[in-house]
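One file, start30.cif, is given below (mmCIF, C-alpha atoms).
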data_coords
loop_
_atom_site.label_atom_id
_atom_site.label_comp_id
_atom_site.auth_asym_id
_atom_site.auth_seq_id
_atom_site.Cartn_x
_atom_site.Cartn_y
_atom_site.Cartn_z
CA MET A 78 -3.14 -20.04 -16.90
CA LYS A 79 -1.33 -21.97 -14.16
CA THR A 80 2.42 -22.30 -14.02
CA TRP A 81 5.22 -22.69 -11.49
CA MET A 82 8.87 -22.52 -12.44
CA VAL A 83 11.96 -22.93 -10.25
CA ALA A 84 14.98 -20.69 -10.88
CA SER A 85 18.28 -22.50 -11.32
CA ALA A 86 20.54 -22.98 -8.31
CA LEU A 87 23.23 -20.91 -9.99
CA CYS A 88 20.96 -17.92 -10.52
CA ALA A 89 19.53 -18.25 -7.02
CA THR A 90 22.92 -17.49 -5.51
CA LEU A 91 22.99 -14.01 -7.03
CA PRO A 92 22.48 -11.36 -4.32
CA VAL A 93 19.99 -8.52 -4.62
CA ALA A 94 22.12 -5.46 -5.25
CA ALA A 95 21.89 -2.80 -2.55
CA GLY A 96 19.61 -0.08 -3.84
CA ASP A 97 17.87 -2.21 -6.49
CA LEU A 98 14.50 -0.67 -7.28
CA ARG A 99 11.60 -2.30 -9.12
CA MET A 100 8.92 -0.18 -10.78
CA THR A 101 6.32 -0.20 -13.55
CA ARG A 102 6.49 1.76 -16.78
CA HIS A 103 4.13 1.92 -19.73
CA GLU A 104 4.48 2.04 -23.48
CA GLY A 105 1.09 2.19 -25.15
CA GLU A 106 -1.06 -0.63 -23.73
CA VAL A 107 1.93 -2.62 -22.48
CA GLU A 108 3.27 -2.38 -18.94
CA TYR A 109 6.81 -3.42 -18.04
CA VAL A 110 7.98 -4.41 -14.58
CA THR A 111 11.49 -3.03 -14.60
CA ALA A 112 14.44 -3.42 -12.24
CA LEU A 113 16.63 -0.32 -11.90
CA ALA A 114 20.06 -1.29 -10.63
CA SER A 115 23.43 0.44 -10.74
CA GLU A 116 24.27 -1.40 -13.98
CA GLY A 117 21.11 -0.11 -15.67
CA PRO A 118 17.43 -1.05 -16.25
CA GLU A 119 16.27 -4.60 -16.91
CA THR A 120 12.75 -5.76 -17.84
CA VAL A 121 11.65 -8.63 -15.58
CA ALA A 122 8.00 -9.02 -16.68
CA THR A 123 5.67 -7.74 -19.38
CA GLN A 124 1.93 -7.29 -18.90
CA THR A 125 -0.90 -6.28 -21.22
CA ALA A 126 -2.67 -4.23 -18.54
CA ALA A 127 -1.71 -1.99 -15.66
CA THR A 128 -0.87 -3.38 -12.23
CA LEU A 129 -3.82 -3.23 -9.83
CA ALA A 130 -2.09 -4.29 -6.60
CA PHE A 131 1.37 -5.34 -5.50
CA GLY A 132 3.30 -6.59 -2.48
CA GLU A 133 6.54 -8.23 -1.51
CA SER A 134 8.45 -10.54 0.81
CA PRO A 135 12.23 -10.43 1.28
CA ALA A 136 12.59 -12.89 -1.64
CA GLN A 137 9.65 -12.19 -3.93
CA LEU A 138 7.68 -9.40 -5.60
CA LEU A 139 4.00 -9.97 -6.44
CA VAL A 140 1.84 -8.02 -8.90
CA ILE A 141 -1.78 -8.42 -10.04
CA SER A 142 -3.07 -7.32 -13.44
CA TRP A 143 -5.79 -8.21 -15.94
CA ASN A 144 -4.87 -10.57 -18.78
CA PRO A 145 -7.35 -9.97 -21.65
CA ALA A 146 -6.18 -13.03 -23.58
CA ALA A 147 -6.92 -15.34 -20.64
CA VAL A 148 -9.96 -13.22 -19.62
CA GLU A 149 -8.88 -13.24 -15.98
CA ASN A 150 -6.96 -11.33 -13.38
CA GLN A 151 -3.59 -12.92 -12.69
CA LEU A 152 -1.11 -12.82 -9.84
CA ARG A 153 2.52 -12.92 -10.98
CA VAL A 154 5.38 -13.90 -8.70
CA ILE A 155 8.83 -12.46 -9.45
CA ASP A 156 12.02 -13.71 -7.79
CA LYS A 157 14.02 -10.70 -6.62
CA GLN A 158 17.45 -12.34 -6.78
CA THR A 159 17.17 -13.73 -10.30
CA ARG A 160 14.76 -11.06 -11.57
CA GLN A 161 12.74 -13.86 -13.15
CA LEU A 162 9.00 -14.49 -13.35
CA ILE A 163 8.53 -17.77 -11.47
CA ALA A 164 4.75 -18.18 -11.17
CA ILE A 165 1.43 -17.01 -12.65
CA TRP A 166 -1.86 -17.81 -10.89
CA PRO A 167 -5.45 -16.82 -11.73
CA VAL A 168 -7.24 -14.61 -9.20
CA PRO A 169 -10.81 -15.97 -9.02
CA ASP A 170 -12.51 -12.71 -7.92
CA ARG A 171 -11.99 -9.11 -8.94
CA PRO A 172 -9.15 -7.50 -6.94
CA VAL A 173 -9.77 -4.24 -5.12
CA SER A 174 -7.96 -1.35 -6.82
CA LEU A 175 -7.42 2.39 -6.41
CA LEU A 176 -8.52 5.09 -8.84
CA SER A 177 -5.03 6.61 -8.53
CA GLY A 178 -3.33 3.41 -9.67
CA ALA A 179 -1.58 0.38 -8.22
CA ALA A 180 -1.94 -0.14 -4.46
CA PRO A 181 0.49 -1.97 -2.12
CA ASP A 182 -2.33 -4.24 -0.98
CA ILE A 183 -0.77 -7.71 -1.15
CA VAL A 184 0.60 -9.17 2.09
CA VAL A 185 3.13 -12.00 1.55
CA LEU A 186 3.89 -14.36 4.46
CA ASP A 187 6.19 -17.29 3.69
CA GLU A 188 4.59 -19.01 0.68
CA VAL A 189 1.13 -17.49 1.19
CA ALA A 190 -0.27 -14.23 -0.20
CA TYR A 191 -3.25 -12.28 1.13
CA LEU A 192 -5.14 -9.83 -1.12
CA LEU A 193 -8.42 -7.94 -1.21
CA THR A 194 -11.21 -8.86 -3.61
CA HIS A 195 -14.80 -7.85 -4.25
CA SER A 196 -17.45 -10.39 -3.25
CA SER A 197 -19.35 -9.85 -6.52
CA ASP A 198 -18.97 -8.37 -9.99
CA VAL A 199 -18.61 -4.58 -10.00
CA VAL A 200 -20.12 -3.68 -13.35
CA PRO A 201 -23.17 -1.59 -14.31
CA GLY A 202 -26.35 -3.59 -13.93
CA ALA A 203 -24.81 -6.38 -11.88
CA VAL A 204 -26.68 -7.54 -8.78
CA LEU A 205 -24.63 -6.84 -5.64
CA ARG A 206 -23.80 -10.17 -4.00
CA ARG A 207 -22.88 -10.10 -0.33
CA ASN A 208 -20.61 -12.62 1.34
CA ALA A 209 -21.44 -14.91 4.27
CA ARG A 210 -20.80 -12.06 6.75
CA GLY A 211 -22.97 -9.54 4.92
CA GLY A 212 -20.07 -7.61 3.42
CA THR A 213 -19.04 -6.85 -0.15
CA PHE A 214 -15.29 -7.48 0.24
CA ASN A 215 -13.16 -10.53 1.04
CA VAL A 216 -9.58 -11.26 1.97
CA LEU A 217 -8.34 -13.95 -0.41
CA ARG A 218 -5.57 -16.24 0.82
CA MET A 219 -3.51 -17.85 -1.97
CA ALA A 220 -0.85 -20.57 -1.72
CA LEU A 221 1.98 -19.43 -3.99
CA ARG A 222 3.20 -22.94 -4.87
CA THR A 223 -0.20 -24.34 -5.86
CA GLY A 224 -2.45 -21.37 -6.55
CA ALA A 225 -5.06 -22.79 -4.14
CA THR A 226 -7.27 -20.12 -2.59
CA GLN A 227 -9.37 -19.64 0.53
CA VAL A 228 -11.90 -16.84 1.03
CA LEU A 229 -11.96 -14.96 4.35
CA PRO A 230 -15.08 -12.73 4.28
CA LEU A 231 -15.12 -9.18 5.64
CA GLY A 232 -18.22 -7.68 7.25
CA ASP A 233 -20.31 -4.74 6.05
CA ALA A 234 -18.15 -2.15 7.86
CA PHE A 235 -15.94 -1.71 4.78
CA ALA A 236 -16.55 0.58 1.81
CA ASN A 237 -12.95 1.25 0.68
CA PRO A 238 -10.66 -1.37 2.27
CA ARG A 239 -6.86 -1.35 2.31
CA LEU A 240 -4.63 -4.25 3.39
CA SER A 241 -1.40 -3.96 5.40
CA ASN A 242 1.16 -6.23 7.06
CA TYR A 243 1.47 -5.73 10.80
CA LEU A 244 4.45 -7.83 11.88
CA GLY A 245 3.11 -10.88 10.05
CA ILE A 246 -0.57 -10.16 10.68
CA PRO A 247 -2.75 -9.06 7.73
CA VAL A 248 -4.72 -5.98 8.84
CA VAL A 249 -7.57 -4.35 6.89
CA THR A 250 -8.41 -0.67 7.34
CA ASP A 251 -11.02 1.41 5.55
CA TRP A 252 -9.93 4.47 3.62
CA ALA A 253 -12.46 7.25 4.33
CA GLY A 254 -14.10 4.97 6.92
CA PHE A 255 -13.89 3.77 10.50
CA ALA A 256 -13.21 0.01 10.60
CA VAL A 257 -10.06 -2.00 11.41
CA TRP A 258 -10.00 -5.82 11.18
CA ARG A 259 -7.17 -8.34 11.47
CA LEU A 260 -6.45 -12.00 10.78
CA ALA A 261 -7.36 -14.16 13.77
CA ASP A 262 -4.53 -15.95 15.58
CA ASP A 263 -5.66 -19.31 14.17
CA GLY A 264 -5.64 -17.88 10.63
CA GLY A 265 -9.18 -19.08 9.96
CA GLU A 266 -11.05 -15.76 9.72
CA MET A 267 -10.83 -11.99 9.81
CA ILE A 268 -11.96 -10.45 13.10
CA ALA A 269 -12.84 -6.89 14.14
CA VAL A 270 -10.30 -4.79 16.03
CA LEU A 271 -12.39 -1.63 16.28
CA GLY A 272 -15.30 0.22 14.68
CA ARG A 273 -17.66 3.11 15.28
CA GLU A 274 -17.98 2.59 19.04
CA GLU A 275 -14.23 2.81 19.71
CA LEU A 276 -14.00 5.97 17.56
CA SER A 277 -17.22 7.59 18.79
CA ASP A 278 -15.47 10.66 20.22
CA ILE A 279 -13.79 11.37 16.86
CA LEU A 280 -16.66 10.40 14.58
CA SER A 281 -19.27 12.53 16.38
CA VAL A 282 -17.28 15.68 15.62
CA GLU A 283 -16.78 14.64 12.00
CA ARG A 284 -20.48 13.88 11.47
CA SER A 285 -21.44 17.26 12.88
CA ALA A 286 -19.01 19.05 10.58
CA GLN A 287 -20.25 17.13 7.56
CA ALA A 288 -23.88 17.82 8.41
CA HIS A 289 -23.19 21.55 8.59
CA ARG A 290 -21.02 21.44 5.45
CA ILE A 291 -18.03 22.81 7.36
CA LEU A 292 -15.61 20.51 5.53
CA PRO A 293 -15.11 20.15 1.76
CA ASP A 294 -15.83 16.76 0.14
CA SER A 295 -12.09 16.27 -0.40
CA ALA A 296 -11.43 16.33 3.38
CA ARG A 297 -11.41 12.57 3.87
CA PRO A 298 -10.04 10.50 6.76
CA ASN A 299 -7.43 7.79 6.29
CA PHE A 300 -5.59 5.10 8.24
CA VAL A 301 -1.94 4.08 8.47
CA VAL A 302 -0.73 0.78 9.96
CA VAL A 303 2.70 1.18 11.59
CA PRO A 304 4.38 -2.18 12.37
CA GLY A 305 5.58 -2.32 15.95
CA SER A 306 3.60 0.74 17.02
CA GLY A 307 -0.09 0.32 16.13
CA VAL A 308 -2.78 1.80 13.91
CA PHE A 309 -3.27 5.54 13.40
CA ARG A 310 -6.07 7.51 11.76
CA ILE A 311 -6.06 10.99 10.29
CA SER A 312 -9.44 12.61 10.77
CA SER A 313 -11.32 14.68 8.23
CA PHE A 314 -10.06 17.70 10.18
CA GLY A 315 -6.45 16.64 9.63
CA GLU A 316 -5.75 15.42 13.16
CA LEU A 317 -3.59 12.28 13.41
CA HIS A 318 -4.86 9.99 16.21
CA ARG A 319 -3.34 6.84 17.70
CA ILE A 320 -6.27 4.40 17.75
CA THR A 321 -4.57 1.16 18.82
CA ASP A 322 -1.52 0.23 20.82
CA ALA A 323 1.34 -1.98 19.63
CA ARG A 324 -0.71 -5.11 20.42
CA LEU A 325 -3.54 -3.91 18.13
CA VAL A 326 -5.74 -3.27 21.18
CA PRO A 327 -8.00 -0.18 20.76
CA SER A 328 -6.73 2.92 22.55
CA ARG A 329 -9.07 4.57 25.00
CA PRO A 330 -10.22 8.17 24.48
CA PRO A 331 -8.92 10.77 24.54
CA HIS A 332 -6.69 9.58 21.71
CA ALA A 333 -3.14 10.93 21.45
CA SER A 334 -3.13 13.24 18.45
CA LEU A 335 -1.18 15.63 16.27
CA ARG A 336 -2.78 18.30 14.09
CA LEU A 337 -1.28 18.14 10.61
CA GLY A 338 -3.67 20.61 8.99
CA PRO A 339 -6.75 20.45 6.74
CA ALA A 340 -7.29 16.90 5.48
CA GLN A 341 -8.00 18.02 1.91
CA PHE A 342 -4.28 18.80 1.53
CA GLN A 343 -3.16 15.36 2.73
CA GLU A 344 -1.79 13.37 -0.26
CA ARG A 345 -0.01 10.38 1.25
CA LEU A 346 0.24 8.65 4.62
CA LEU A 347 2.50 5.64 5.09
CA ALA A 348 4.61 3.79 7.64
CA GLY A 349 8.33 4.47 7.79
CA LEU A 350 11.34 4.19 10.05
CA SER A 351 13.33 6.89 11.81
CA GLY A 352 16.48 6.80 13.88
CA ARG A 353 14.19 6.59 16.92
CA GLY A 354 12.06 3.69 15.67
CA PRO A 355 8.72 3.28 13.87
CA ALA A 356 7.54 6.44 12.15
CA ILE A 357 4.62 7.87 10.19
CA VAL A 358 5.38 9.59 6.90
CA SER A 359 3.04 12.34 5.72
CA VAL A 360 3.03 14.08 2.33
CA ARG A 361 0.95 17.26 2.11
CA ASN A 362 0.42 19.76 -0.69
CA GLU A 363 -0.77 23.14 0.53
CA ASN A 364 -0.46 26.47 -1.28
CA GLN A 365 1.47 24.73 -4.09
CA ARG A 366 4.10 23.57 -1.61
CA ARG A 367 4.57 19.82 -1.14
CA THR A 368 5.97 18.89 2.27
CA LEU A 369 7.37 15.61 3.59
CA THR A 370 7.01 15.10 7.35
CA PHE A 371 8.45 12.31 9.51
CA ILE A 372 6.48 11.73 12.73
CA ASP A 373 7.62 9.64 15.70
CA ALA A 374 5.00 6.91 16.14
CA GLU A 375 5.67 6.50 19.86
CA THR A 376 5.18 10.15 20.89
CA VAL A 377 3.11 11.31 17.87
CA GLU A 378 5.46 14.28 17.49
CA ILE A 379 7.06 15.74 14.37
CA LEU A 380 10.71 14.71 13.98
CA TRP A 381 11.60 16.66 10.83
CA GLN A 382 10.20 18.18 7.64
CA ARG A 383 11.51 18.89 4.15
CA GLU A 384 9.98 20.34 1.02
CA LEU A 385 9.71 17.96 -1.94
CA PRO A 386 10.42 18.94 -5.57
CA ALA A 387 7.47 20.25 -7.59
CA GLY A 388 7.57 17.18 -9.86
CA ALA A 389 7.32 14.63 -7.01
CA GLN A 390 4.44 12.18 -7.55
CA PRO A 391 2.97 11.60 -4.07
CA TRP A 392 1.42 8.19 -4.79
CA THR A 393 4.92 6.83 -5.57
CA VAL A 394 6.49 7.86 -2.24
CA THR A 395 8.07 4.75 -0.70
CA ALA A 396 9.90 4.54 2.63
CA THR A 397 13.44 3.18 2.47
CA GLY A 398 15.79 2.74 5.42
CA GLU A 399 15.91 5.21 8.28
CA ASP A 400 14.60 8.74 7.77
CA ALA A 401 14.34 8.48 3.98
CA VAL A 402 11.90 8.01 1.11
CA VAL A 403 12.20 7.56 -2.65
CA TYR A 404 9.70 8.71 -5.27
CA ILE A 405 9.31 9.48 -8.95
CA ASP A 406 10.01 13.06 -10.06
CA ALA A 407 8.03 13.37 -13.29
CA GLN A 408 9.52 16.73 -14.25
CA GLU A 409 13.14 15.63 -14.05
CA ARG A 410 12.43 12.00 -15.10
CA ALA A 411 14.31 10.58 -12.16
CA ILE A 412 13.89 8.57 -8.98
CA LYS A 413 14.67 10.99 -6.16
CA ARG A 414 15.68 10.21 -2.60
CA THR A 415 14.89 12.63 0.22
CA ASP A 416 16.17 12.26 3.78
CA ARG A 417 16.42 14.69 6.65
CA GLU A 418 19.60 16.21 5.17
CA GLU A 419 19.12 16.44 1.39
CA THR A 420 17.32 15.50 -1.82
CA ARG A 421 19.32 13.78 -4.56
CA VAL A 422 18.85 11.70 -7.70
CA PHE A 423 18.81 8.01 -6.82
CA ARG A 424 18.28 6.55 -10.31
CA ASP A 425 17.57 8.03 -13.73
CA LEU A 426 14.35 6.75 -15.29
CA PRO A 427 14.62 4.55 -18.40
CA THR A 428 14.15 6.38 -21.68
CA GLY A 429 10.82 5.96 -23.46
CA GLY A 430 7.39 5.27 -22.08
CA GLU A 431 5.68 6.65 -19.01
CA SER A 432 6.58 5.89 -15.41
CA GLY A 433 4.04 4.15 -13.20
CA GLN A 434 4.58 3.02 -9.61
CA ILE A 435 7.53 2.07 -7.41
CA LEU A 436 6.93 -1.55 -6.42
CA SER A 437 9.92 -2.40 -4.27
CA ILE A 438 13.31 -1.12 -3.19
CA ALA A 439 16.29 -2.73 -1.48
CA THR A 440 17.59 -0.37 1.18
CA PRO A 441 20.59 1.56 -0.19
#
Can you dump the structure from the file as structure tokens?
Amino acid sequence: MKTWMVASALCATLPVAAGDLRMTRHEGEVEYVTALASEGPETVATQTAATLAFGESPAQLLVISWNPAAVENQLRVIDKQTRQLIAIWPVPDRPVSLLSGAAPDIVVLDEVAYLLTHSSDVVPGAVLRRNARGGTFNVLRMALRTGATQVLPLGDAFANPRLSNYLGIPVVTDWAGFAVWRLADDGGEMIAVLGREELSDILSVERSAQAHRILPDSARPNFVVVPGSGVFRISSFGELHRITDARLVPSRPPHASLRLGPAQFQERLLAGLSGRGPAIVSVRNENQRRTLTFIDAETVEILWQRELPAGAQPWTVTATGEDAVVYIDAQERAIKRTDREETRVFRDLPTGGESGQILSIATP
């Protein structure tokens, strides 16, 4: 299915209300993309399968899901101001997804979207097909006005890639891995930023611990891309390391670090903003206590911490404004907002159905 619609000039003048939040919710096999504003909830799109990946620009929200009727994955473009679906494009290859649900893995730059796809079918019995660079994943570039696509192959360094926007540069990191790649300045290919060699001092310690079974299987490393500051990696020991500078140039060992605690208790790591500038947001759950931590990205020091409610769903934590996050509280059926001073209800969840993922929020 290919379609492009233009919202009317009258509707396009409507501002996005401060604090508007867009999320998914499910009723049976149907998923609704819903806007939660001060005047109440409004359905802006309906899908017959769960969202696999999402992303946004200041004007648009993008979601990818499987359409069984069309027998294809589709990218849907939603205008934030009008809350209207304005485009649907087929995604030619299978998008990369997370077991935990929808991932914020679409980077939107002007009228172009970047997303991660597999290089071959991922089904039992299928022959693994590698791309031109020997890898099994690609970055797919899609023109939003025409649906035209271009494949940018990734190398074999990636096993679990994630895609982020670094000040207008698509950057790919590897969850539980060691590689960081970025879009080249000419936009024609993805190029390596760092790999095993640049992380040799960290990886040697991790390999030794794994060989001696010192760490549990759930103690996995992770990356976070912090616009304006660089790329950071949490090791399998739970140490947060700065691994590039603000120019995406690899940092030399010894890497500046902060020990957050055993990695098996790390639930979420994302970029945020504090009153001092770029920040790293950590959500940990240890001894049945879920803690939110804001870390200054420049000094790699803890700025503040607060305990989150027991019903907070860590995969929904979304940074909003300075020193604040929002998330879904499943127990109280509400969107909560936590900052360095308090936790409060931001929006009540719509009645009926099950809540999914927070897709986008306008800063309150």
Resolved residues for the PyMOL selection byres ((chain A and resi 345-351) around 9) as a PyMOL selection string: chain A and resi 299-304+311+343-344+352-361+371-373+380+391-392+394-402
Interatomic distance, CA of Gly433 (chain A) to CA of Thr226 (chain A) (Å, one decimal): 28.8 Å
Minimum-distance residue to Arg297 (chain A), chosen among A:Ala340, A:Ser437, A:Gly272, A:Leu113 (using all atoms listed in the file):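 Of all the options, A:Ala340 lies closest to Arg297 (chain A).
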Result set, the PyMOL selection byres ((chain A and resi 255) around 10) on current file, as JSON, numbers by chain: {"A": [234, 235, 236, 250, 251, 252, 253, 254, 256, 257, 271, 272, 273, 274, 275, 276, 277, 279, 280, 298, 299, 300, 310, 312]}
Enumerate, in order of chain and increasing residue number, the residues of region 228-254 of chain A with an atom no farther than 10 Å from region 182-192 of chain A, each with its shortest atom pair and distance in Å to one decimal, counting only C-alpha atoms, as a tab-separated table.
residue	atom	partner	partner_atom	distance
A:Val228	CA	A:Tyr191	CA	9.8
A:Leu229	CA	A:Tyr191	CA	9.7
A:Pro238	CA	A:Asp182	CA	9.4
A:Arg239	CA	A:Asp182	CA	6.3
A:Leu240	CA	A:Asp182	CA	4.9
A:Ser241	CA	A:Asp182	CA	6.5
A:Asn242	CA	A:Val184	CA	5.8
A:Tyr243	CA	A:Val184	CA	9.4
A:Leu244	CA	A:Leu186	CA	9.9
A:Gly245	CA	A:Leu186	CA	6.6
A:Ile246	CA	A:Val184	CA	8.7
A:Pro247	CA	A:Val184	CA	6.6
A:Val248	CA	A:Val184	CA	9.2
A:Val249	CA	A:Asp182	CA	9.5
Suppose we keep C-alpha atoms; can you now write the selection as a PDB file, in the coordinates of the input?
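Ended up saving to result.pdb:
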ATOM      1  CA  VAL A 228     -11.900 -16.840   1.030  1.00  0.00           C
ATOM      2  CA  LEU A 229     -11.960 -14.960   4.350  1.00  0.00           C
ATOM      3  CA  PRO A 238     -10.660  -1.370   2.270  1.00  0.00           C
ATOM      4  CA  ARG A 239      -6.860  -1.350   2.310  1.00  0.00           C
ATOM      5  CA  LEU A 240      -4.630  -4.250   3.390  1.00  0.00           C
ATOM      6  CA  SER A 241      -1.400  -3.960   5.400  1.00  0.00           C
ATOM      7  CA  ASN A 242       1.160  -6.230   7.060  1.00  0.00           C
ATOM      8  CA  TYR A 243       1.470  -5.730  10.800  1.00  0.00           C
ATOM      9  CA  LEU A 244       4.450  -7.830  11.880  1.00  0.00           C
ATOM     10  CA  GLY A 245       3.110 -10.880  10.050  1.00  0.00           C
ATOM     11  CA  ILE A 246      -0.570 -10.160  10.680  1.00  0.00           C
ATOM     12  CA  PRO A 247      -2.750  -9.060   7.730  1.00  0.00           C
ATOM     13  CA  VAL A 248      -4.720  -5.980   8.840  1.00  0.00           C
ATOM     14  CA  VAL A 249      -7.570  -4.350   6.890  1.00  0.00           C
TER      15      VAL A 249
END
Shell of 7 Å around region 381-389 of chain A, all atoms listed in the file, local chain residues under 3 positions omitted, as a PyMOL selection string: chain A and resi 367-371+404-408+417
Expected residue set, 7 Å radius at (-1.5, 9.2, 19.9), all atoms listed in the file, as a VMD selection string: chain A and resid 318 to 319 332 to 334 376 to 377
With N, CA and C atoms as the goal, would you fill in the gaps in region 258-283 of chain A and present it as an mmCIF file, keeping the file's coordinate frame?
data_model
loop_
_atom_site.group_PDB
_atom_site.id
_atom_site.type_symbol
_atom_site.label_atom_id
_atom_site.label_comp_id
_atom_site.auth_asym_id
_atom_site.auth_seq_id
_atom_site.Cartn_x
_atom_site.Cartn_y
_atom_site.Cartn_z
ATOM 1 N N TRP A 258 -9.909 -4.378 10.906
ATOM 2 C CA TRP A 258 -10.000 -5.820 11.180
ATOM 3 C C TRP A 258 -8.612 -6.424 11.017
ATOM 4 N N ARG A 259 -8.439 -7.636 11.565
ATOM 5 C CA ARG A 259 -7.170 -8.340 11.470
ATOM 6 C C ARG A 259 -7.417 -9.842 11.297
ATOM 7 N N LEU A 260 -6.365 -10.550 10.857
ATOM 8 C CA LEU A 260 -6.450 -12.000 10.780
ATOM 9 C C LEU A 260 -6.413 -12.582 12.185
ATOM 10 N N ALA A 261 -7.324 -13.514 12.463
ATOM 11 C CA ALA A 261 -7.360 -14.160 13.770
ATOM 12 C C ALA A 261 -6.083 -14.970 13.997
ATOM 13 N N ASP A 262 -5.763 -15.231 15.256
ATOM 14 C CA ASP A 262 -4.530 -15.950 15.580
ATOM 15 C C ASP A 262 -4.479 -17.331 14.946
ATOM 16 N N ASP A 263 -5.656 -17.977 14.781
ATOM 17 C CA ASP A 263 -5.660 -19.310 14.170
ATOM 18 C C ASP A 263 -5.654 -19.254 12.647
ATOM 19 N N GLY A 264 -5.697 -18.050 12.079
ATOM 20 C CA GLY A 264 -5.640 -17.880 10.630
ATOM 21 C C GLY A 264 -6.901 -18.262 9.893
ATOM 22 N N GLY A 265 -7.986 -18.564 10.618
ATOM 23 C CA GLY A 265 -9.180 -19.080 9.960
ATOM 24 C C GLY A 265 -10.194 -18.040 9.554
ATOM 25 N N GLU A 266 -10.070 -16.801 10.051
ATOM 26 C CA GLU A 266 -11.050 -15.760 9.720
ATOM 27 C C GLU A 266 -10.478 -14.389 10.019
ATOM 28 N N MET A 267 -11.153 -13.368 9.479
ATOM 29 C CA MET A 267 -10.830 -11.990 9.810
ATOM 30 C C MET A 267 -11.744 -11.562 10.947
ATOM 31 N N ILE A 268 -11.188 -10.869 11.942
ATOM 32 C CA ILE A 268 -11.960 -10.450 13.100
ATOM 33 C C ILE A 268 -11.823 -8.943 13.304
ATOM 34 N N ALA A 269 -12.832 -8.334 13.928
ATOM 35 C CA ALA A 269 -12.840 -6.890 14.140
ATOM 36 C C ALA A 269 -11.879 -6.488 15.249
ATOM 37 N N VAL A 270 -11.140 -5.406 15.008
ATOM 38 C CA VAL A 270 -10.300 -4.790 16.030
ATOM 39 C C VAL A 270 -11.047 -3.615 16.651
ATOM 40 N N LEU A 271 -11.607 -2.760 15.798
ATOM 41 C CA LEU A 271 -12.390 -1.630 16.280
ATOM 42 C C LEU A 271 -13.337 -1.149 15.193
ATOM 43 N N GLY A 272 -14.316 -0.342 15.612
ATOM 44 C CA GLY A 272 -15.300 0.220 14.680
ATOM 45 C C GLY A 272 -15.815 1.539 15.195
ATOM 46 N N ARG A 273 -17.079 1.813 14.923
ATOM 47 C CA ARG A 273 -17.660 3.110 15.280
ATOM 48 C C ARG A 273 -17.610 3.387 16.785
ATOM 49 N N GLU A 274 -17.894 2.369 17.601
ATOM 50 C CA GLU A 274 -17.980 2.590 19.040
ATOM 51 C C GLU A 274 -16.647 3.070 19.613
ATOM 52 N N GLU A 275 -15.552 2.438 19.187
ATOM 53 C CA GLU A 275 -14.230 2.810 19.710
ATOM 54 C C GLU A 275 -13.763 4.176 19.211
ATOM 55 N N LEU A 276 -14.370 4.666 18.119
ATOM 56 C CA LEU A 276 -14.000 5.970 17.560
ATOM 57 C C LEU A 276 -15.104 6.998 17.752
ATOM 58 N N SER A 277 -16.039 6.744 18.657
ATOM 59 C CA SER A 277 -17.220 7.590 18.790
ATOM 60 C C SER A 277 -16.877 9.046 19.090
ATOM 61 N N ASP A 278 -15.826 9.282 19.884
ATOM 62 C CA ASP A 278 -15.470 10.660 20.220
ATOM 63 C C ASP A 278 -14.968 11.427 19.010
ATOM 64 N N ILE A 279 -14.296 10.728 18.077
ATOM 65 C CA ILE A 279 -13.790 11.370 16.860
ATOM 66 C C ILE A 279 -14.893 11.506 15.826
ATOM 67 N N LEU A 280 -15.658 10.428 15.641
ATOM 68 C CA LEU A 280 -16.660 10.400 14.580
ATOM 69 C C LEU A 280 -17.806 11.375 14.831
ATOM 70 N N SER A 281 -18.159 11.603 16.093
ATOM 71 C CA SER A 281 -19.270 12.530 16.380
ATOM 72 C C SER A 281 -18.944 13.934 15.906
ATOM 73 N N VAL A 282 -17.698 14.344 16.078
ATOM 74 C CA VAL A 282 -17.280 15.680 15.620
ATOM 75 C C VAL A 282 -17.269 15.733 14.100
ATOM 76 N N GLU A 283 -16.804 14.672 13.456
ATOM 77 C CA GLU A 283 -16.780 14.640 12.000
ATOM 78 C C GLU A 283 -18.180 14.675 11.408
#
